[in-house]
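Before any comments, here is the structure.
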Amino acid sequence: MKAVSLMRLGELENELKALFPNVDFVFSNGISDIDDKDRETLDILFGYDGKLDESFLTQCPNLYWIAWYATGVNKLPLEYISKHNIKLTNGKGVHAKQMSEFIFAYILDDYKKMRTSYINQKNKYYDSTLTGSRVSDEKILFLGTGSIAQKTAKIANAFGMDVIGMNTTGHDVEGFNRTYAIQQMNEVLPEMNIIVNTLPETKDTIHLLKTSHFELMDSNALFINVGRGTVVKEEILIEILKNNEIRHACLDVFENEPLQPNNELYQLDNVTITAHITGNGNENKVEVTEIFKKNLNAILNNEELIENVVDALDGY
């Protein structure tokens, strides 16, 4: 069995070779570094390369399993993967750890007016009357109740917040005081202080949020998007921020990435922009490789994949 990486893994490479001596490992710097022979004979692709596309996969006739080291799989050729019965797993759960910290960094930065303090610092202005707000008792709504939302909900509960979740069916999820179905969004949004999108990109979530949804939000609401930028059309987001339909938005993902220098979002004062970094973490490779090891061990024992299996048709 041949397993070809899409990225270098440092010391983990020798660890994998020692743990799985019967697997022929090839470690590359990405798809452009994988030669024709390896493409024709590989059984497993693991790691991450944003350039992985259908054209490359057509050159891998024996491919059985893609162990994707990121959480989001929406950029992969999912239709091709499904049609050719290629197994797919992802890094779900690992990225949730740092993403939950980022979400609260946004919230505390906003509620405690840290940006204003920094501006005052740059202007050498000392304002001891500046007063932030408490997050306790605030109503925080998570669009999506997966691993990112669940991890963040634990922190929100520790802060004494009212934690609400929204998922496809409205089924109960541990850590949430209440959960609602997506169809109930209109009746839930007006009560929320903070709305956090953690939804993956699927056919059902693209442009899910309309202008009317933002108009239903409290004008003092904070909107955070760490899921996918395609959940709302960019022009709608710009317009609602320009019109102050909500107080502030913290955005890590965008409908079109990378965000170009002439993008109007850069000109707005009521938005905080980060460059799709909330999933980045120095620990990621080690932790996702642990998931890869468990699944590889299962395959070598003629068992089903056991962790983070993704349905290519659904995209999660």
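How things are named: the first chain in the structure tokens is A, the next is B, and so on; residues count from 1 in each chain; ligands count from 1 in the order shown.
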
* To do: Within 12 Å of Asp35 (chain A), counting only C-alpha atoms, which residues show up once you throw out same-chain ones fewer than 6 positions away? Write them as a ChimeraX atom specification, please.
  => /A:4,26-29,41-42,56,59-60

* Long-range neighbours of region 280-294 of chain A as an NGL selection string, 10 Å cut-off, only C-alpha atoms, 4 positions minimum in chain -> :A and (7-13 or 16 or 19-20 or 46-47 or 67-71 or 89-95 or 97-99 or 276 or 298-299 or 305-308)

Just to be explicit: take each residue in the selection above, keep C-alpha atoms, and write the result as a compact mmCIF listing (two decimals), in the first residue's frame.
```txt
# COMPACT_ATOMS: atom_id res chain seq x y z
CA MET A 7 2.82 18.25 2.70
CA ARG A 8 6.00 17.69 4.68
CA LEU A 9 5.48 16.58 8.27
CA GLY A 10 8.93 16.90 9.82
CA GLU A 11 9.63 14.39 12.60
CA LEU A 12 6.21 12.83 12.09
CA GLU A 13 7.46 11.28 8.86
CA LEU A 16 4.77 7.07 10.55
CA LEU A 19 4.61 2.61 13.06
CA PHE A 20 3.57 1.30 9.64
CA PHE A 46 -2.97 12.58 3.04
CA GLY A 47 -2.24 16.12 4.14
CA ALA A 67 -7.14 11.97 4.48
CA TRP A 68 -7.65 15.74 4.29
CA TYR A 69 -5.77 17.62 7.00
CA ALA A 70 -8.21 20.57 7.02
CA THR A 71 -11.80 20.69 8.26
CA THR A 89 -11.84 12.07 6.05
CA ASN A 90 -10.97 15.49 7.45
CA GLY A 91 -9.40 17.27 10.43
CA LYS A 92 -12.66 18.13 12.18
CA GLY A 93 -12.25 18.72 15.90
CA VAL A 94 -8.57 19.64 15.79
CA HIS A 95 -9.14 23.10 14.35
CA LYS A 97 -9.62 24.22 19.60
CA GLN A 98 -7.93 27.35 18.27
CA MET A 99 -11.07 28.52 16.47
CA HIS A 276 -8.72 33.07 7.21
CA ALA A 298 -8.27 0.41 10.65
CA ILE A 299 -7.70 0.09 6.90
CA LEU A 305 -12.57 4.17 8.66
CA ILE A 306 -13.43 5.09 12.23
CA GLU A 307 -12.94 8.84 12.67
CA ASN A 308 -13.93 12.05 10.83
```

Within 6 Å of region 127-145 of chain A, which residues of region 165-232 of chain A come that close, and what is the closest atom pair and distance in Å for each? Count only C-alpha atoms and give it as JSON lines.
```
{"residue": "A:Gly165", "atom": "CA", "partner": "A:Phe142", "partner_atom": "CA", "distance": 4.8}
{"residue": "A:Met166", "atom": "CA", "partner": "A:Leu143", "partner_atom": "CA", "distance": 5.1}
{"residue": "A:Asn167", "atom": "CA", "partner": "A:Gly144", "partner_atom": "CA", "distance": 5.1}
{"residue": "A:Met192", "atom": "CA", "partner": "A:Lys139", "partner_atom": "CA", "distance": 5.2}
{"residue": "A:Asn193", "atom": "CA", "partner": "A:Lys139", "partner_atom": "CA", "distance": 5.2}
{"residue": "A:Ile194", "atom": "CA", "partner": "A:Ile140", "partner_atom": "CA", "distance": 4.7}
{"residue": "A:Ile195", "atom": "CA", "partner": "A:Leu141", "partner_atom": "CA", "distance": 4.8}
{"residue": "A:Val196", "atom": "CA", "partner": "A:Phe142", "partner_atom": "CA", "distance": 4.9}
{"residue": "A:Asn197", "atom": "CA", "partner": "A:Leu143", "partner_atom": "CA", "distance": 4.8}
{"residue": "A:Thr198", "atom": "CA", "partner": "A:Gly144", "partner_atom": "CA", "distance": 5.5}
{"residue": "A:Leu199", "atom": "CA", "partner": "A:Gly144", "partner_atom": "CA", "distance": 5.0}
```

* To do: Please identify all polymer residues within 12 Å of Glu174 (chain A), counting only C-alpha atoms, omitting same-chain residues fewer than 5 positions from it, and present them as JSON, numbers by chain.
  => {"A": [145, 146, 147, 149, 150, 151, 152, 153, 154, 157, 163, 164, 165, 179]}

Using the selection just defined, write its residues with all heavy atoms as an mmCIF file, in the first residue's frame.
```cif
data_model
loop_
_atom_site.group_PDB
_atom_site.id
_atom_site.type_symbol
_atom_site.label_atom_id
_atom_site.label_comp_id
_atom_site.auth_asym_id
_atom_site.auth_seq_id
_atom_site.Cartn_x
_atom_site.Cartn_y
_atom_site.Cartn_z
ATOM 1 N N THR A 145 -24.027 23.498 14.991
ATOM 2 C CA THR A 145 -23.714 23.013 16.342
ATOM 3 C C THR A 145 -22.685 21.888 16.280
ATOM 4 O O THR A 145 -22.719 20.956 17.076
ATOM 5 C CB THR A 145 -24.990 22.518 17.052
ATOM 6 O OG1 THR A 145 -25.646 21.524 16.230
ATOM 7 C CG2 THR A 145 -25.956 23.666 17.324
ATOM 8 N N GLY A 146 -21.767 21.983 15.329
ATOM 9 C CA GLY A 146 -20.706 20.985 15.187
ATOM 10 C C GLY A 146 -19.581 21.207 16.180
ATOM 11 O O GLY A 146 -19.742 21.886 17.198
ATOM 12 N N SER A 147 -18.417 20.657 15.878
ATOM 13 C CA SER A 147 -17.305 20.645 16.833
ATOM 14 C C SER A 147 -16.824 22.041 17.208
ATOM 15 O O SER A 147 -16.476 22.294 18.369
ATOM 16 C CB SER A 147 -16.139 19.830 16.264
ATOM 17 O OG SER A 147 -15.701 20.360 15.020
ATOM 18 N N ALA A 149 -18.597 24.921 17.232
ATOM 19 C CA ALA A 149 -19.605 25.530 18.098
ATOM 20 C C ALA A 149 -19.621 24.872 19.474
ATOM 21 O O ALA A 149 -19.736 25.552 20.502
ATOM 22 C CB ALA A 149 -20.974 25.443 17.447
ATOM 23 N N GLN A 150 -19.496 23.562 19.510
ATOM 24 C CA GLN A 150 -19.526 22.855 20.787
ATOM 25 C C GLN A 150 -18.338 23.243 21.668
ATOM 26 O O GLN A 150 -18.483 23.423 22.878
ATOM 27 C CB GLN A 150 -19.528 21.346 20.548
ATOM 28 C CG GLN A 150 -20.831 20.821 19.962
ATOM 29 C CD GLN A 150 -20.742 19.361 19.589
ATOM 30 O OE1 GLN A 150 -20.042 18.571 20.214
ATOM 31 N NE2 GLN A 150 -21.445 18.984 18.526
ATOM 32 N N LYS A 151 -17.175 23.364 21.065
ATOM 33 C CA LYS A 151 -15.987 23.763 21.830
ATOM 34 C C LYS A 151 -16.141 25.184 22.355
ATOM 35 O O LYS A 151 -15.808 25.479 23.518
ATOM 36 C CB LYS A 151 -14.747 23.664 20.929
ATOM 37 C CG LYS A 151 -13.429 23.906 21.650
ATOM 38 C CD LYS A 151 -13.069 22.747 22.548
ATOM 39 C CE LYS A 151 -11.693 22.925 23.176
ATOM 40 N NZ LYS A 151 -11.363 21.824 24.102
ATOM 41 N N THR A 152 -16.673 26.074 21.526
ATOM 42 C CA THR A 152 -16.858 27.465 21.927
ATOM 43 C C THR A 152 -17.962 27.591 22.961
ATOM 44 O O THR A 152 -17.891 28.439 23.863
ATOM 45 C CB THR A 152 -17.172 28.345 20.706
ATOM 46 O OG1 THR A 152 -16.291 28.020 19.630
ATOM 47 C CG2 THR A 152 -17.014 29.824 21.037
ATOM 48 N N ALA A 153 -18.974 26.747 22.852
ATOM 49 C CA ALA A 153 -20.090 26.776 23.807
ATOM 50 C C ALA A 153 -19.608 26.513 25.231
ATOM 51 O O ALA A 153 -20.130 27.089 26.195
ATOM 52 C CB ALA A 153 -21.148 25.751 23.408
ATOM 53 N N LYS A 154 -18.608 25.654 25.373
ATOM 54 C CA LYS A 154 -18.057 25.378 26.706
ATOM 55 C C LYS A 154 -17.476 26.646 27.328
ATOM 56 O O LYS A 154 -17.650 26.914 28.516
ATOM 57 C CB LYS A 154 -16.978 24.297 26.618
ATOM 58 C CG LYS A 154 -17.501 22.920 26.264
ATOM 59 C CD LYS A 154 -16.373 21.900 26.227
ATOM 60 C CE LYS A 154 -16.903 20.512 25.881
ATOM 61 N NZ LYS A 154 -15.802 19.508 25.815
ATOM 62 N N ASN A 157 -20.349 29.062 28.212
ATOM 63 C CA ASN A 157 -21.008 28.654 29.455
ATOM 64 C C ASN A 157 -20.188 29.063 30.673
ATOM 65 O O ASN A 157 -20.739 29.471 31.704
ATOM 66 C CB ASN A 157 -21.245 27.142 29.459
ATOM 67 C CG ASN A 157 -22.471 26.755 28.657
ATOM 68 O OD1 ASN A 157 -23.549 27.288 28.867
ATOM 69 N ND2 ASN A 157 -22.326 25.816 27.727
ATOM 70 N N VAL A 163 -26.412 30.271 25.914
ATOM 71 C CA VAL A 163 -25.863 29.647 24.714
ATOM 72 C C VAL A 163 -26.970 28.952 23.920
ATOM 73 O O VAL A 163 -27.618 28.026 24.416
ATOM 74 C CB VAL A 163 -24.766 28.637 25.086
ATOM 75 C CG1 VAL A 163 -24.128 28.064 23.829
ATOM 76 C CG2 VAL A 163 -23.705 29.298 25.975
ATOM 77 N N ILE A 164 -27.158 29.410 22.691
ATOM 78 C CA ILE A 164 -28.229 28.891 21.832
ATOM 79 C C ILE A 164 -27.603 28.346 20.553
ATOM 80 O O ILE A 164 -26.656 28.918 20.015
ATOM 81 C CB ILE A 164 -29.250 29.994 21.484
ATOM 82 C CG1 ILE A 164 -29.903 30.541 22.763
ATOM 83 C CG2 ILE A 164 -30.326 29.486 20.552
ATOM 84 C CD1 ILE A 164 -29.355 31.859 23.215
ATOM 85 N N GLY A 165 -28.141 27.238 20.074
ATOM 86 C CA GLY A 165 -27.640 26.626 18.849
ATOM 87 C C GLY A 165 -28.707 26.524 17.785
ATOM 88 O O GLY A 165 -29.904 26.486 18.084
ATOM 89 N N THR A 179 -31.865 24.739 21.426
ATOM 90 C CA THR A 179 -31.506 24.600 20.011
ATOM 91 C C THR A 179 -32.757 24.764 19.156
ATOM 92 O O THR A 179 -33.859 24.420 19.580
ATOM 93 C CB THR A 179 -30.867 23.219 19.718
ATOM 94 O OG1 THR A 179 -31.700 22.188 20.242
ATOM 95 C CG2 THR A 179 -29.478 23.106 20.314
#
```

* Asked: What does the distance from CA of Tyr118 (chain A) to CA of Thr274 (chain A) come to in Å, to one decimal?
  ->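 CA of Tyr118 (chain A) sits 17.0 Å away from CA of Thr274 (chain A).
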
* Asked: For the atom pair CA of Leu76 (chain A) and CA of Asn302 (chain A), what is the interatomic distance in Å to one decimal place?
  ->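 Separating CA of Leu76 (chain A) from CA of Asn302 (chain A) is a distance of 26.2 Å.
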
* To do: Name the residues in contact with Asn243 (chain A) at a cut-off of 12 Å, using only C-alpha atoms, excluding same-chain residues fewer than 4 positions from it; report them as a list in words.
  =>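 Once the nearby chain positions are removed, what remains is Thr211, Phe214, Glu215, Ser219, Ile236, Leu237, Ile238, Glu239, Arg247, His248, Leu268, Asp269 and Asn270 of chain A.
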
Excluding region 251-267 of chain A and its own-chain neighbours fewer than 6 positions away, which residues fall within 12 Å of it when counting only C-alpha atoms? Please give them as a PDB file with N, CA, C and O atoms, in the first residue's frame.
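Written file, selection_30.pdb:
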```
ATOM      1  N   GLY A  72     -12.599  22.005   6.381  1.00  0.00           N
ATOM      2  CA  GLY A  72     -13.430  22.281   5.218  1.00  0.00           C
ATOM      3  C   GLY A  72     -12.992  21.471   4.002  1.00  0.00           C
ATOM      4  O   GLY A  72     -11.801  21.408   3.688  1.00  0.00           O
ATOM      5  N   LYS A  75     -13.692  22.906  -1.205  1.00  0.00           N
ATOM      6  CA  LYS A  75     -12.908  23.214  -2.408  1.00  0.00           C
ATOM      7  C   LYS A  75     -12.451  21.961  -3.146  1.00  0.00           C
ATOM      8  O   LYS A  75     -11.898  22.043  -4.246  1.00  0.00           O
ATOM      9  N   MET A  99      -9.983  27.688  16.986  1.00  0.00           N
ATOM     10  CA  MET A  99     -11.069  28.518  16.470  1.00  0.00           C
ATOM     11  C   MET A  99     -11.962  29.025  17.598  1.00  0.00           C
ATOM     12  O   MET A  99     -12.434  30.161  17.572  1.00  0.00           O
ATOM     13  N   PHE A 102     -10.207  31.944  19.064  1.00  0.00           N
ATOM     14  CA  PHE A 102     -10.335  33.116  18.201  1.00  0.00           C
ATOM     15  C   PHE A 102     -11.700  33.767  18.357  1.00  0.00           C
ATOM     16  O   PHE A 102     -11.815  34.997  18.421  1.00  0.00           O
ATOM     17  N   ILE A 103     -12.741  32.942  18.398  1.00  0.00           N
ATOM     18  CA  ILE A 103     -14.093  33.488  18.528  1.00  0.00           C
ATOM     19  C   ILE A 103     -14.192  34.335  19.792  1.00  0.00           C
ATOM     20  O   ILE A 103     -14.755  35.445  19.767  1.00  0.00           O
ATOM     21  N   TYR A 106     -12.339  37.645  19.459  1.00  0.00           N
ATOM     22  CA  TYR A 106     -13.170  38.652  18.798  1.00  0.00           C
ATOM     23  C   TYR A 106     -14.169  39.260  19.779  1.00  0.00           C
ATOM     24  O   TYR A 106     -14.344  40.488  19.835  1.00  0.00           O
ATOM     25  N   ILE A 107     -14.846  38.393  20.526  1.00  0.00           N
ATOM     26  CA  ILE A 107     -15.899  38.868  21.433  1.00  0.00           C
ATOM     27  C   ILE A 107     -15.323  39.786  22.506  1.00  0.00           C
ATOM     28  O   ILE A 107     -15.843  40.887  22.744  1.00  0.00           O
ATOM     29  N   ILE A 195     -24.086  36.620  17.068  1.00  0.00           N
ATOM     30  CA  ILE A 195     -24.408  35.542  16.133  1.00  0.00           C
ATOM     31  C   ILE A 195     -23.098  35.055  15.528  1.00  0.00           C
ATOM     32  O   ILE A 195     -22.337  35.845  14.955  1.00  0.00           O
ATOM     33  N   VAL A 196     -22.815  33.764  15.677  1.00  0.00           N
ATOM     34  CA  VAL A 196     -21.556  33.181  15.206  1.00  0.00           C
ATOM     35  C   VAL A 196     -21.854  32.125  14.147  1.00  0.00           C
ATOM     36  O   VAL A 196     -22.528  31.124  14.430  1.00  0.00           O
ATOM     37  N   ASN A 197     -21.367  32.332  12.929  1.00  0.00           N
ATOM     38  CA  ASN A 197     -21.549  31.327  11.882  1.00  0.00           C
ATOM     39  C   ASN A 197     -20.382  30.357  11.884  1.00  0.00           C
ATOM     40  O   ASN A 197     -19.231  30.745  11.710  1.00  0.00           O
ATOM     41  N   THR A 198     -20.695  29.073  12.086  1.00  0.00           N
ATOM     42  CA  THR A 198     -19.681  28.017  12.014  1.00  0.00           C
ATOM     43  C   THR A 198     -20.056  26.963  10.971  1.00  0.00           C
ATOM     44  O   THR A 198     -19.452  25.898  10.930  1.00  0.00           O
ATOM     45  N   LEU A 199     -21.053  27.247  10.154  1.00  0.00           N
ATOM     46  CA  LEU A 199     -21.551  26.271   9.187  1.00  0.00           C
ATOM     47  C   LEU A 199     -20.529  25.984   8.085  1.00  0.00           C
ATOM     48  O   LEU A 199     -19.819  26.893   7.632  1.00  0.00           O
ATOM     49  N   PRO A 200     -20.464  24.734   7.623  1.00  0.00           N
ATOM     50  CA  PRO A 200     -19.633  24.423   6.458  1.00  0.00           C
ATOM     51  C   PRO A 200     -20.322  24.908   5.194  1.00  0.00           C
ATOM     52  O   PRO A 200     -21.487  25.322   5.238  1.00  0.00           O
ATOM     53  N   GLU A 201     -19.618  24.862   4.075  1.00  0.00           N
ATOM     54  CA  GLU A 201     -20.240  25.223   2.811  1.00  0.00           C
ATOM     55  C   GLU A 201     -20.883  23.994   2.190  1.00  0.00           C
ATOM     56  O   GLU A 201     -20.214  23.001   1.895  1.00  0.00           O
ATOM     57  N   ILE A 206     -24.980  27.922   1.117  1.00  0.00           N
ATOM     58  CA  ILE A 206     -24.514  29.020   0.259  1.00  0.00           C
ATOM     59  C   ILE A 206     -25.600  30.092   0.176  1.00  0.00           C
ATOM     60  O   ILE A 206     -26.749  29.817  -0.156  1.00  0.00           O
ATOM     61  N   HIS A 207     -25.226  31.306   0.569  1.00  0.00           N
ATOM     62  CA  HIS A 207     -26.124  32.473   0.580  1.00  0.00           C
ATOM     63  C   HIS A 207     -27.358  32.234   1.454  1.00  0.00           C
ATOM     64  O   HIS A 207     -28.451  32.717   1.171  1.00  0.00           O
ATOM     65  N   LEU A 222     -23.494  41.720  17.333  1.00  0.00           N
ATOM     66  CA  LEU A 222     -22.171  41.413  16.809  1.00  0.00           C
ATOM     67  C   LEU A 222     -22.276  40.145  15.973  1.00  0.00           C
ATOM     68  O   LEU A 222     -22.774  39.119  16.443  1.00  0.00           O
ATOM     69  N   PHE A 223     -21.814  40.196  14.712  1.00  0.00           N
ATOM     70  CA  PHE A 223     -21.837  39.041  13.818  1.00  0.00           C
ATOM     71  C   PHE A 223     -20.412  38.563  13.603  1.00  0.00           C
ATOM     72  O   PHE A 223     -19.523  39.346  13.269  1.00  0.00           O
ATOM     73  N   ILE A 224     -20.190  37.267  13.826  1.00  0.00           N
ATOM     74  CA  ILE A 224     -18.866  36.663  13.659  1.00  0.00           C
ATOM     75  C   ILE A 224     -18.976  35.539  12.639  1.00  0.00           C
ATOM     76  O   ILE A 224     -19.840  34.673  12.750  1.00  0.00           O
ATOM     77  N   ASN A 225     -18.094  35.532  11.639  1.00  0.00           N
ATOM     78  CA  ASN A 225     -18.108  34.468  10.638  1.00  0.00           C
ATOM     79  C   ASN A 225     -16.750  33.785  10.571  1.00  0.00           C
ATOM     80  O   ASN A 225     -15.765  34.362  10.116  1.00  0.00           O
ATOM     81  N   VAL A 226     -16.724  32.528  11.061  1.00  0.00           N
ATOM     82  CA  VAL A 226     -15.526  31.696  10.945  1.00  0.00           C
ATOM     83  C   VAL A 226     -15.850  30.419  10.173  1.00  0.00           C
ATOM     84  O   VAL A 226     -15.010  29.520  10.077  1.00  0.00           O
ATOM     85  N   GLY A 227     -17.093  30.324   9.648  1.00  0.00           N
ATOM     86  CA  GLY A 227     -17.509  29.141   8.896  1.00  0.00           C
ATOM     87  C   GLY A 227     -17.044  29.235   7.457  1.00  0.00           C
ATOM     88  O   GLY A 227     -15.906  28.898   7.138  1.00  0.00           O
ATOM     89  N   ARG A 228     -17.916  29.733   6.600  1.00  0.00           N
ATOM     90  CA  ARG A 228     -17.563  29.952   5.199  1.00  0.00           C
ATOM     91  C   ARG A 228     -18.117  31.294   4.752  1.00  0.00           C
ATOM     92  O   ARG A 228     -19.240  31.666   5.095  1.00  0.00           O
ATOM     93  N   GLY A 229     -17.334  32.019   3.942  1.00  0.00           N
ATOM     94  CA  GLY A 229     -17.736  33.333   3.478  1.00  0.00           C
ATOM     95  C   GLY A 229     -18.951  33.292   2.584  1.00  0.00           C
ATOM     96  O   GLY A 229     -19.683  34.286   2.461  1.00  0.00           O
ATOM     97  N   THR A 230     -19.194  32.146   1.964  1.00  0.00           N
ATOM     98  CA  THR A 230     -20.312  32.028   1.032  1.00  0.00           C
ATOM     99  C   THR A 230     -21.665  31.973   1.732  1.00  0.00           C
ATOM    100  O   THR A 230     -22.702  31.912   1.054  1.00  0.00           O
ATOM    101  N   VAL A 231     -21.697  32.006   3.050  1.00  0.00           N
ATOM    102  CA  VAL A 231     -22.981  31.973   3.761  1.00  0.00           C
ATOM    103  C   VAL A 231     -23.796  33.239   3.493  1.00  0.00           C
ATOM    104  O   VAL A 231     -25.014  33.257   3.654  1.00  0.00           O
ATOM    105  N   VAL A 232     -23.111  34.302   3.043  1.00  0.00           N
ATOM    106  CA  VAL A 232     -23.802  35.554   2.728  1.00  0.00           C
ATOM    107  C   VAL A 232     -23.095  36.216   1.540  1.00  0.00           C
ATOM    108  O   VAL A 232     -21.864  36.193   1.444  1.00  0.00           O
ATOM    109  N   LYS A 233     -23.869  36.779   0.622  1.00  0.00           N
ATOM    110  CA  LYS A 233     -23.275  37.503  -0.495  1.00  0.00           C
ATOM    111  C   LYS A 233     -22.492  38.699   0.025  1.00  0.00           C
ATOM    112  O   LYS A 233     -22.954  39.428   0.901  1.00  0.00           O
ATOM    113  N   GLU A 234     -21.317  38.905  -0.546  1.00  0.00           N
ATOM    114  CA  GLU A 234     -20.455  39.976  -0.063  1.00  0.00           C
ATOM    115  C   GLU A 234     -21.113  41.345  -0.174  1.00  0.00           C
ATOM    116  O   GLU A 234     -20.998  42.181   0.728  1.00  0.00           O
ATOM    117  N   GLU A 235     -21.825  41.583  -1.266  1.00  0.00           N
ATOM    118  CA  GLU A 235     -22.451  42.895  -1.432  1.00  0.00           C
ATOM    119  C   GLU A 235     -23.529  43.141  -0.377  1.00  0.00           C
ATOM    120  O   GLU A 235     -23.740  44.285   0.061  1.00  0.00           O
ATOM    121  N   ILE A 236     -24.195  42.083   0.052  1.00  0.00           N
ATOM    122  CA  ILE A 236     -25.189  42.217   1.119  1.00  0.00           C
ATOM    123  C   ILE A 236     -24.501  42.583   2.429  1.00  0.00           C
ATOM    124  O   ILE A 236     -24.939  43.479   3.153  1.00  0.00           O
ATOM    125  N   LEU A 237     -23.410  41.889   2.726  1.00  0.00           N
ATOM    126  CA  LEU A 237     -22.669  42.154   3.959  1.00  0.00           C
ATOM    127  C   LEU A 237     -22.167  43.592   4.001  1.00  0.00           C
ATOM    128  O   LEU A 237     -22.291  44.287   5.023  1.00  0.00           O
ATOM    129  N   ILE A 238     -21.613  44.054   2.901  1.00  0.00           N
ATOM    130  CA  ILE A 238     -21.114  45.428   2.835  1.00  0.00           C
ATOM    131  C   ILE A 238     -22.253  46.419   3.046  1.00  0.00           C
ATOM    132  O   ILE A 238     -22.118  47.394   3.798  1.00  0.00           O
ATOM    133  N   GLU A 239     -23.373  46.166   2.417  1.00  0.00           N
ATOM    134  CA  GLU A 239     -24.498  47.089   2.509  1.00  0.00           C
ATOM    135  C   GLU A 239     -25.068  47.161   3.923  1.00  0.00           C
ATOM    136  O   GLU A 239     -25.367  48.258   4.423  1.00  0.00           O
ATOM    137  N   ILE A 240     -25.213  46.013   4.573  1.00  0.00           N
ATOM    138  CA  ILE A 240     -25.790  46.039   5.929  1.00  0.00           C
ATOM    139  C   ILE A 240     -24.832  46.701   6.923  1.00  0.00           C
ATOM    140  O   ILE A 240     -25.274  47.355   7.874  1.00  0.00           O
ATOM    141  N   LEU A 241     -23.532  46.581   6.681  1.00  0.00           N
ATOM    142  CA  LEU A 241     -22.555  47.245   7.559  1.00  0.00           C
ATOM    143  C   LEU A 241     -22.540  48.754   7.298  1.00  0.00           C
ATOM    144  O   LEU A 241     -22.459  49.558   8.226  1.00  0.00           O
ATOM    145  N   LYS A 242     -22.614  49.142   6.040  1.00  0.00           N
ATOM    146  CA  LYS A 242     -22.661  50.568   5.701  1.00  0.00           C
ATOM    147  C   LYS A 242     -23.908  51.232   6.278  1.00  0.00           C
ATOM    148  O   LYS A 242     -23.882  52.389   6.693  1.00  0.00           O
ATOM    149  N   ILE A 273     -11.256  42.374  10.386  1.00  0.00           N
ATOM    150  CA  ILE A 273     -10.891  41.427   9.338  1.00  0.00           C
ATOM    151  C   ILE A 273      -9.646  40.645   9.733  1.00  0.00           C
ATOM    152  O   ILE A 273      -8.632  41.221  10.130  1.00  0.00           O
ATOM    153  N   THR A 274      -9.739  39.323   9.646  1.00  0.00           N
ATOM    154  CA  THR A 274      -8.557  38.464   9.728  1.00  0.00           C
ATOM    155  C   THR A 274      -8.526  37.599   8.475  1.00  0.00           C
ATOM    156  O   THR A 274      -9.549  37.345   7.852  1.00  0.00           O
ATOM    157  N   ALA A 275      -7.345  37.132   8.105  1.00  0.00           N
ATOM    158  CA  ALA A 275      -7.137  36.530   6.782  1.00  0.00           C
ATOM    159  C   ALA A 275      -7.257  35.006   6.802  1.00  0.00           C
ATOM    160  O   ALA A 275      -6.303  34.291   6.495  1.00  0.00           O
ATOM    161  N   HIS A 276      -8.445  34.516   7.152  1.00  0.00           N
ATOM    162  CA  HIS A 276      -8.719  33.074   7.205  1.00  0.00           C
ATOM    163  C   HIS A 276      -7.639  32.351   8.019  1.00  0.00           C
ATOM    164  O   HIS A 276      -7.032  31.376   7.571  1.00  0.00           O
ATOM    165  N   ILE A 277      -7.432  32.826   9.236  1.00  0.00           N
ATOM    166  CA  ILE A 277      -6.357  32.307  10.090  1.00  0.00           C
ATOM    167  C   ILE A 277      -6.868  31.581  11.330  1.00  0.00           C
ATOM    168  O   ILE A 277      -6.066  31.016  12.083  1.00  0.00           O
ATOM    169  N   THR A 278      -8.180  31.575  11.560  1.00  0.00           N
ATOM    170  CA  THR A 278      -8.669  31.028  12.831  1.00  0.00           C
ATOM    171  C   THR A 278      -8.437  29.529  12.966  1.00  0.00           C
ATOM    172  O   THR A 278      -8.439  29.007  14.086  1.00  0.00           O
ATOM    173  N   GLY A 279      -8.231  28.839  11.864  1.00  0.00           N
ATOM    174  CA  GLY A 279      -7.960  27.407  11.937  1.00  0.00           C
ATOM    175  C   GLY A 279      -6.484  27.076  12.020  1.00  0.00           C
ATOM    176  O   GLY A 279      -6.114  25.920  12.214  1.00  0.00           O
ATOM    177  N   ASN A 280      -5.620  28.087  11.876  1.00  0.00           N
ATOM    178  CA  ASN A 280      -4.176  27.839  11.904  1.00  0.00           C
ATOM    179  C   ASN A 280      -3.704  27.541  13.319  1.00  0.00           C
ATOM    180  O   ASN A 280      -4.100  28.213  14.271  1.00  0.00           O
TER     181      ASN A 280
END
```
